[in-house]
Amino acid sequence: MAAGGRGNGHGMAGGRIVIIDVHAHAGPWFFSTEVGAVETNIELMDRYGIDLQIVSASEAVTYDMVSGNRWMAEVLAAHPRLLGYLVINPNELGEAARELERHQATGRFVGVKIHTTYPDLPLTSTATTEALKLAAQAGLPVLIHTWDDGVLGLVDVLERHEELRIIAGHMGGPAWRTAVDAACRTDRLYLEPCCSITDRGRFRYALDRVPLGQMLFGTDSTLVDPAIALGVIADADVTEHEYEHVMWRNAAGLFGIETTVGLAA
Amino acid sequence: MVSTLITMVFRPPLPAVPAERQEIDLDVDVLFGAVPSRDLDASIGAVDEQLSSHGIRRGLVCSLRGGLFDACSGNDEMRKATEQTGHVPVGTVDIRDALTAEEEIVRLAASGVRLLRLFPVEQWVEPDSPGLAHVIEVATASGLTLLTSGDVSRFWRPFSGTRVCFLDVHSYRVADFVVLARREPGFVASTRMLVGPDNIERIAGEVGTDRLAYGSRAPLHDVMPSALRLRTARLTEQEWRQVAGGTATGWLGDGS
């Protein structure tokens with residue numbers, strides 16, 4: 001059964017999807033942590049009951065978009081529980097367009113990832129907006145790193161590009177109240193909670209204001225242990241209805257992921 | 001016939017953890033009072049409930065009033081609150097007023113307080129502040145163990161040679177903390193922001209679990225993220241108990 005209007009063939013054969021992690025990574029980091037092996041993704045998914053993870057290559061995010069995406073494509077081909085974000089560097093828009101041509105046809109990349117720190121470009125820069133347009137033209141949702149009040153600027157971008165759908169990664173980080181304001185102004189801005197700053201009640205605050213259909217679950221694994229985001233959900237006093245939508249139903253719809261779970265509710 | 005309304009509370013599924021890891025003995029990072037930046041119930045009663053509902057037996061409790069407004073009256077309310085609840089008293093001073101802090105540290109030590117929490121970040125104090133160095137010196141001379149906010153990579157220097165728990169050691173700073181801990185026998189990291197899948201385990205392997213202490217920052221932060229991470233840590237049971245209370249118990253000096 002296709003979860004969204006754009007069912008694209010991804011699914012969990014014979015399994016019940018319970019948790020879809022929409023913000024994860026694969027590959028090594030430059031910090032003092034040994035989490036680069038893809039087996040670590042799978043081990044953590046098994047430990048915490050995560051069925052499906054949408055990942056971007058750490059190399060593509062922090063250093064080289066092309067070689068990172070190439071490695072990611074090879075990993076995705078071998079690991080059915082992982083789906084991919086194709087990383088786009090707004091500083092290289094021509095190459096970014098070619099990256100989409102190279103990899104989108106594989107069907108394993110279901111979204112685009114854009115960071116702001118490593119490209120050294122603010123959320124609302126012209127180049128970042130152009131990169132978002134590329135993703136929109138490709139019909140792919142975008143996960144973008146948000147960490148300040150600039151998240152509010154995404155509302156204007158979404159108003160100008162009606163086909164665009166954006167996930168505010170970390171739901172604004174320390175600017176989470178601004179991210180909630182932004183998500184209340186457009187139904188195509190989604191929030192996910194992964195963050196090392198676990199301000200009390202942050203996710204409940206969002207659930208009480210943002211339409212439920214715009215709330216997602218992400219972990220930042222393997223950079224961050226999924227225990228952190230799962231703990232945030234556990235402390236948010238979610239109802240079963242909210243849990244189901246946050247943990248997989250909304251993501252299945254957004255990314256067109258087929259599931260074996262009935263979706264009529 | 002009397003009908004009874006039963007409210008079913010939904011509990012999101014979490015990974016199973018061993019029964020012996022359900023109770024965390026001591027939380028080194030607990031506050032209470034008012035939170036001007038949030039709409040939060042941070043009263044001592046609410047904090048007590050937050051800790052107990054997450055399986056935390058006792059906290060090292062400091063007054064937000066003391067850290068953010070007035071140290072002396074904050075420490076007075078802290079003493080009352082900890083006497084009522086059984087949590088461990090933690091005093092504080094305002095680093096911006098190191099002169100008043102001298103007297104307050106002596107007063108705290110004389111009343112039996114063993115721990116002093118510093119708020120350099122919240123009080124806009126830089127790592128090379130003369131006031132900070134002086135407060136640390138006076139506190140150490142009074143036999144107090146220190147707890148402090150601030151990035152360990154920036155704030156470690158004035159604490160050299162002391163017994164101190166850095167409450168804000170981030171996952172990205174694991175290597176810095178380890179190289180410091182190798183030469184500073186009194187340096188301990190709170191686990192709150194050791195959010196990576198191997199941060200706790202790596203520090204434990206490099207310098208031992210006596211350099212780690214569980215901290216939640218209740219009531220300002222959700223407790224379950226840090227508690228669940230600790231409960232799933234790949235440590236032996238002895239190592240786990242050390243982080244979950246043993247390290248902090250050593251600061252109290254009385255086995256309480």
# chains A, B, ... in the order shown; residues from 1 in each chain; ligands from 1
>>> interface_residues(of="chain A", to="chain B", cutoff="9 Å", atoms="only C-alpha atoms", output="NGL selection string")
:A and (31-35 or 44 or 47-49 or 196-202 or 221-240 or 243)
>>> select_by_dssp(residues="stretch 29-225 of chain A", states="helix (DSSP H, G or I)", output="ChimeraX atom specification")
/A:38-48,58-62,65-78,93-106,126-138,149-160,170-183,202-207,212-214
>>> closest_residue(among="B:Leu68, B:Ala19, B:Ala139, B:Leu31", to="B:Pro120", atoms="only C-alpha atoms")
B:Leu68
>>> closest_residue(among="A:Ile20, A:Leu254, A:Ile88, A:Ala78", to="A:Gly139", atoms="only C-alpha atoms")
A:Leu254
>>> residues_around(residues="stretch 46-53 of chain B", least_positions_apart="2", cutoff="8 Å", atoms="only C-alpha atoms", output="mmCIF file with N, CA and C atoms, in the first residue's frame")
data_model
loop_
_atom_site.group_PDB
_atom_site.id
_atom_site.type_symbol
_atom_site.label_atom_id
_atom_site.label_comp_id
_atom_site.auth_asym_id
_atom_site.auth_seq_id
_atom_site.Cartn_x
_atom_site.Cartn_y
_atom_site.Cartn_z
ATOM 1 N N LEU B 31 18.300 21.772 39.366
ATOM 2 C CA LEU B 31 18.039 23.154 39.764
ATOM 3 C C LEU B 31 16.592 23.273 40.216
ATOM 4 N N PHE B 32 16.265 24.376 40.850
ATOM 5 C CA PHE B 32 14.861 24.686 41.123
ATOM 6 C C PHE B 32 14.730 26.188 41.305
ATOM 7 N N ASP B 41 7.131 24.956 35.361
ATOM 8 C CA ASP B 41 7.019 24.776 36.814
ATOM 9 C C ASP B 41 8.346 24.190 37.284
ATOM 10 N N ALA B 42 9.175 25.055 37.853
ATOM 11 C CA ALA B 42 10.488 24.622 38.330
ATOM 12 C C ALA B 42 10.540 24.644 39.855
ATOM 13 N N SER B 43 9.390 24.570 40.477
ATOM 14 C CA SER B 43 9.351 24.530 41.940
ATOM 15 C C SER B 43 10.018 23.255 42.431
ATOM 16 N N ILE B 44 10.453 23.257 43.664
ATOM 17 C CA ILE B 44 11.146 22.079 44.186
ATOM 18 C C ILE B 44 10.224 20.857 44.180
ATOM 19 N N GLY B 55 12.930 7.668 37.858
ATOM 20 C CA GLY B 55 13.753 6.685 38.545
ATOM 21 C C GLY B 55 15.026 7.250 39.131
ATOM 22 N N ILE B 56 15.048 8.525 39.412
ATOM 23 C CA ILE B 56 16.247 9.145 39.995
ATOM 24 C C ILE B 56 16.012 9.353 41.488
ATOM 25 N N ARG B 57 16.877 8.757 42.306
ATOM 26 C CA ARG B 57 16.640 8.731 43.745
ATOM 27 C C ARG B 57 16.905 10.077 44.405
ATOM 28 N N ARG B 58 18.035 10.701 44.080
ATOM 29 C CA ARG B 58 18.377 11.987 44.684
ATOM 30 C C ARG B 58 19.108 12.875 43.696
ATOM 31 N N GLY B 59 18.984 14.179 43.907
ATOM 32 C CA GLY B 59 19.692 15.128 43.058
ATOM 33 C C GLY B 59 20.604 16.021 43.861
ATOM 34 N N THR B 85 13.193 17.759 51.189
ATOM 35 C CA THR B 85 13.080 16.696 50.187
ATOM 36 C C THR B 85 14.122 15.596 50.323
ATOM 37 N N ALA B 218 17.563 18.717 35.158
ATOM 38 C CA ALA B 218 16.163 18.938 35.528
ATOM 39 C C ALA B 218 16.103 20.232 36.343
ATOM 40 N N PRO B 219 15.081 21.031 36.204
ATOM 41 C CA PRO B 219 13.896 20.867 35.356
ATOM 42 C C PRO B 219 14.001 21.592 34.031
ATOM 43 N N VAL B 223 14.363 14.805 31.043
ATOM 44 C CA VAL B 223 15.239 13.880 31.761
ATOM 45 C C VAL B 223 15.446 12.573 30.997
#
>>> residues_around(residues="B:Arg65", least_positions_apart="2", cutoff="7 Å", atoms="only C-alpha atoms", output="PyMOL selection string")
chain B and resi 33-34+63+67-71+74
>>> write_last_selection(atoms="N, CA and C atoms", output="compact mmCIF listing (two decimals), in the first residue's frame")
# COMPACT_ATOMS: atom_id res chain seq x y z
N GLY B 33 13.49 26.67 41.17
CA GLY B 33 13.25 28.10 41.34
C GLY B 33 12.39 28.64 40.22
N ALA B 34 12.76 29.80 39.71
CA ALA B 34 12.02 30.43 38.62
C ALA B 34 12.88 30.42 37.36
N SER B 63 19.90 26.31 43.77
CA SER B 63 18.83 27.29 43.56
C SER B 63 19.09 28.15 42.34
N GLY B 67 21.72 31.41 41.46
CA GLY B 67 22.56 31.54 40.29
C GLY B 67 22.22 32.75 39.42
N LEU B 68 20.95 33.12 39.43
CA LEU B 68 20.50 34.14 38.47
C LEU B 68 20.19 35.48 39.11
N PHE B 69 20.01 35.51 40.45
CA PHE B 69 19.56 36.77 41.04
C PHE B 69 20.30 37.15 42.31
N ASP B 70 20.20 36.31 43.34
CA ASP B 70 20.82 36.67 44.62
C ASP B 70 21.31 35.40 45.31
N ALA B 71 22.62 35.30 45.45
CA ALA B 71 23.20 34.05 45.94
C ALA B 71 22.79 33.74 47.38
N GLY B 74 19.18 32.79 47.72
CA GLY B 74 19.04 31.54 46.97
C GLY B 74 19.59 30.35 47.75
>>> select_by_dssp(residues="stretch 94-152 of chain A", states="strand (DSSP E)", output="short mmCIF file (atom, residue, chain, number, x, y, z; two decimals) with C-alpha atoms, in the first residue's frame")
data_model
loop_
_atom_site.label_atom_id
_atom_site.label_comp_id
_atom_site.auth_asym_id
_atom_site.auth_seq_id
_atom_site.Cartn_x
_atom_site.Cartn_y
_atom_site.Cartn_z
CA PHE A 109 17.41 8.84 -2.69
CA VAL A 110 14.02 10.05 -1.47
CA GLY A 111 15.00 13.55 -0.39
CA VAL A 112 17.60 16.29 -0.52
CA LYS A 113 19.80 17.40 2.36
CA ILE A 114 21.13 20.95 2.59
CA VAL A 142 14.35 18.81 1.64
CA LEU A 143 15.90 18.31 5.07
CA ILE A 144 17.71 21.53 5.92
CA HIS A 145 19.85 22.28 8.96
#
>>> closest_residue(among="B:Ala204, B:Leu252, B:Ala181, B:Ala101", to="B:Leu144", atoms="only C-alpha atoms")
B:Leu252
>>> residues_around(residues="A:Ala97", least_positions_apart="5", cutoff="9 Å", atoms="only C-alpha atoms", output="list in words")
Ile88, Glu92, Arg102, Ala131, Leu134 and Ala135 of chain A
>>> residues_around(residues="B:Glu103", least_positions_apart="2", cutoff="12 Å", atoms="only C-alpha atoms", output="PDB file with N, CA and C atoms, in the first residue's frame")
ATOM      1  N   ALA B  71      22.621  35.295  45.452  1.00  0.00           N
ATOM      2  CA  ALA B  71      23.204  34.046  45.941  1.00  0.00           C
ATOM      3  C   ALA B  71      22.785  33.744  47.381  1.00  0.00           C
ATOM      4  N   CYS B  72      22.824  34.736  48.259  1.00  0.00           N
ATOM      5  CA  CYS B  72      22.579  34.468  49.679  1.00  0.00           C
ATOM      6  C   CYS B  72      21.156  33.965  49.925  1.00  0.00           C
ATOM      7  N   THR B  92      25.792  28.223  45.853  1.00  0.00           N
ATOM      8  CA  THR B  92      26.320  28.962  44.707  1.00  0.00           C
ATOM      9  C   THR B  92      26.726  30.359  45.152  1.00  0.00           C
ATOM     10  N   VAL B  93      27.460  31.035  44.313  1.00  0.00           N
ATOM     11  CA  VAL B  93      27.817  32.440  44.529  1.00  0.00           C
ATOM     12  C   VAL B  93      27.736  33.141  43.184  1.00  0.00           C
ATOM     13  N   ASP B  94      27.733  34.480  43.243  1.00  0.00           N
ATOM     14  CA  ASP B  94      27.766  35.225  41.991  1.00  0.00           C
ATOM     15  C   ASP B  94      29.215  35.604  41.708  1.00  0.00           C
ATOM     16  N   ASP B  97      30.489  39.140  41.690  1.00  0.00           N
ATOM     17  CA  ASP B  97      30.713  39.840  42.955  1.00  0.00           C
ATOM     18  C   ASP B  97      31.575  38.938  43.837  1.00  0.00           C
ATOM     19  N   ALA B  98      32.829  38.819  43.457  1.00  0.00           N
ATOM     20  CA  ALA B  98      33.729  37.888  44.155  1.00  0.00           C
ATOM     21  C   ALA B  98      33.953  38.306  45.605  1.00  0.00           C
ATOM     22  N   LEU B  99      33.728  39.580  45.920  1.00  0.00           N
ATOM     23  CA  LEU B  99      33.947  40.030  47.295  1.00  0.00           C
ATOM     24  C   LEU B  99      32.872  39.459  48.219  1.00  0.00           C
ATOM     25  N   THR B 100      31.627  39.591  47.810  1.00  0.00           N
ATOM     26  CA  THR B 100      30.539  38.985  48.596  1.00  0.00           C
ATOM     27  C   THR B 100      30.665  37.462  48.589  1.00  0.00           C
ATOM     28  N   ALA B 101      31.155  36.934  47.470  1.00  0.00           N
ATOM     29  CA  ALA B 101      31.278  35.480  47.345  1.00  0.00           C
ATOM     30  C   ALA B 101      32.222  34.902  48.398  1.00  0.00           C
ATOM     31  N   ILE B 105      30.892  31.794  50.621  1.00  0.00           N
ATOM     32  CA  ILE B 105      31.528  30.466  50.576  1.00  0.00           C
ATOM     33  C   ILE B 105      31.855  29.999  51.996  1.00  0.00           C
ATOM     34  N   VAL B 106      32.364  30.884  52.801  1.00  0.00           N
ATOM     35  CA  VAL B 106      32.679  30.532  54.199  1.00  0.00           C
ATOM     36  C   VAL B 106      31.391  30.138  54.925  1.00  0.00           C
ATOM     37  N   ARG B 107      30.316  30.915  54.680  1.00  0.00           N
ATOM     38  CA  ARG B 107      29.026  30.620  55.326  1.00  0.00           C
ATOM     39  C   ARG B 107      28.505  29.249  54.896  1.00  0.00           C
ATOM     40  N   LEU B 108      28.618  28.968  53.608  1.00  0.00           N
ATOM     41  CA  LEU B 108      28.146  27.673  53.090  1.00  0.00           C
ATOM     42  C   LEU B 108      28.920  26.521  53.718  1.00  0.00           C
ATOM     43  N   ALA B 109      30.247  26.660  53.717  1.00  0.00           N
ATOM     44  CA  ALA B 109      31.078  25.577  54.250  1.00  0.00           C
ATOM     45  C   ALA B 109      30.795  25.350  55.733  1.00  0.00           C
ATOM     46  N   ALA B 110      30.593  26.449  56.455  1.00  0.00           N
ATOM     47  CA  ALA B 110      30.329  26.330  57.891  1.00  0.00           C
ATOM     48  C   ALA B 110      29.005  25.633  58.175  1.00  0.00           C
ATOM     49  N   VAL B 135      37.153  32.998  43.174  1.00  0.00           N
ATOM     50  CA  VAL B 135      36.079  32.173  43.737  1.00  0.00           C
ATOM     51  C   VAL B 135      36.513  30.707  43.800  1.00  0.00           C
ATOM     52  N   VAL B 138      39.034  30.282  46.703  1.00  0.00           N
ATOM     53  CA  VAL B 138      38.410  30.324  48.029  1.00  0.00           C
ATOM     54  C   VAL B 138      37.603  29.046  48.277  1.00  0.00           C
ATOM     55  N   ALA B 139      36.874  28.612  47.260  1.00  0.00           N
ATOM     56  CA  ALA B 139      36.051  27.406  47.422  1.00  0.00           C
ATOM     57  C   ALA B 139      36.920  26.177  47.667  1.00  0.00           C
ATOM     58  N   SER B 142      38.211  26.025  51.054  1.00  0.00           N
ATOM     59  CA  SER B 142      37.157  25.666  52.004  1.00  0.00           C
ATOM     60  C   SER B 142      36.745  24.204  51.875  1.00  0.00           C
TER      61      SER B 142
END
>>> closest_residue(among="A:Glu95, A:Glu162, A:Asp51, A:Glu43", to="A:Met65", atoms="only C-alpha atoms")
A:Glu95
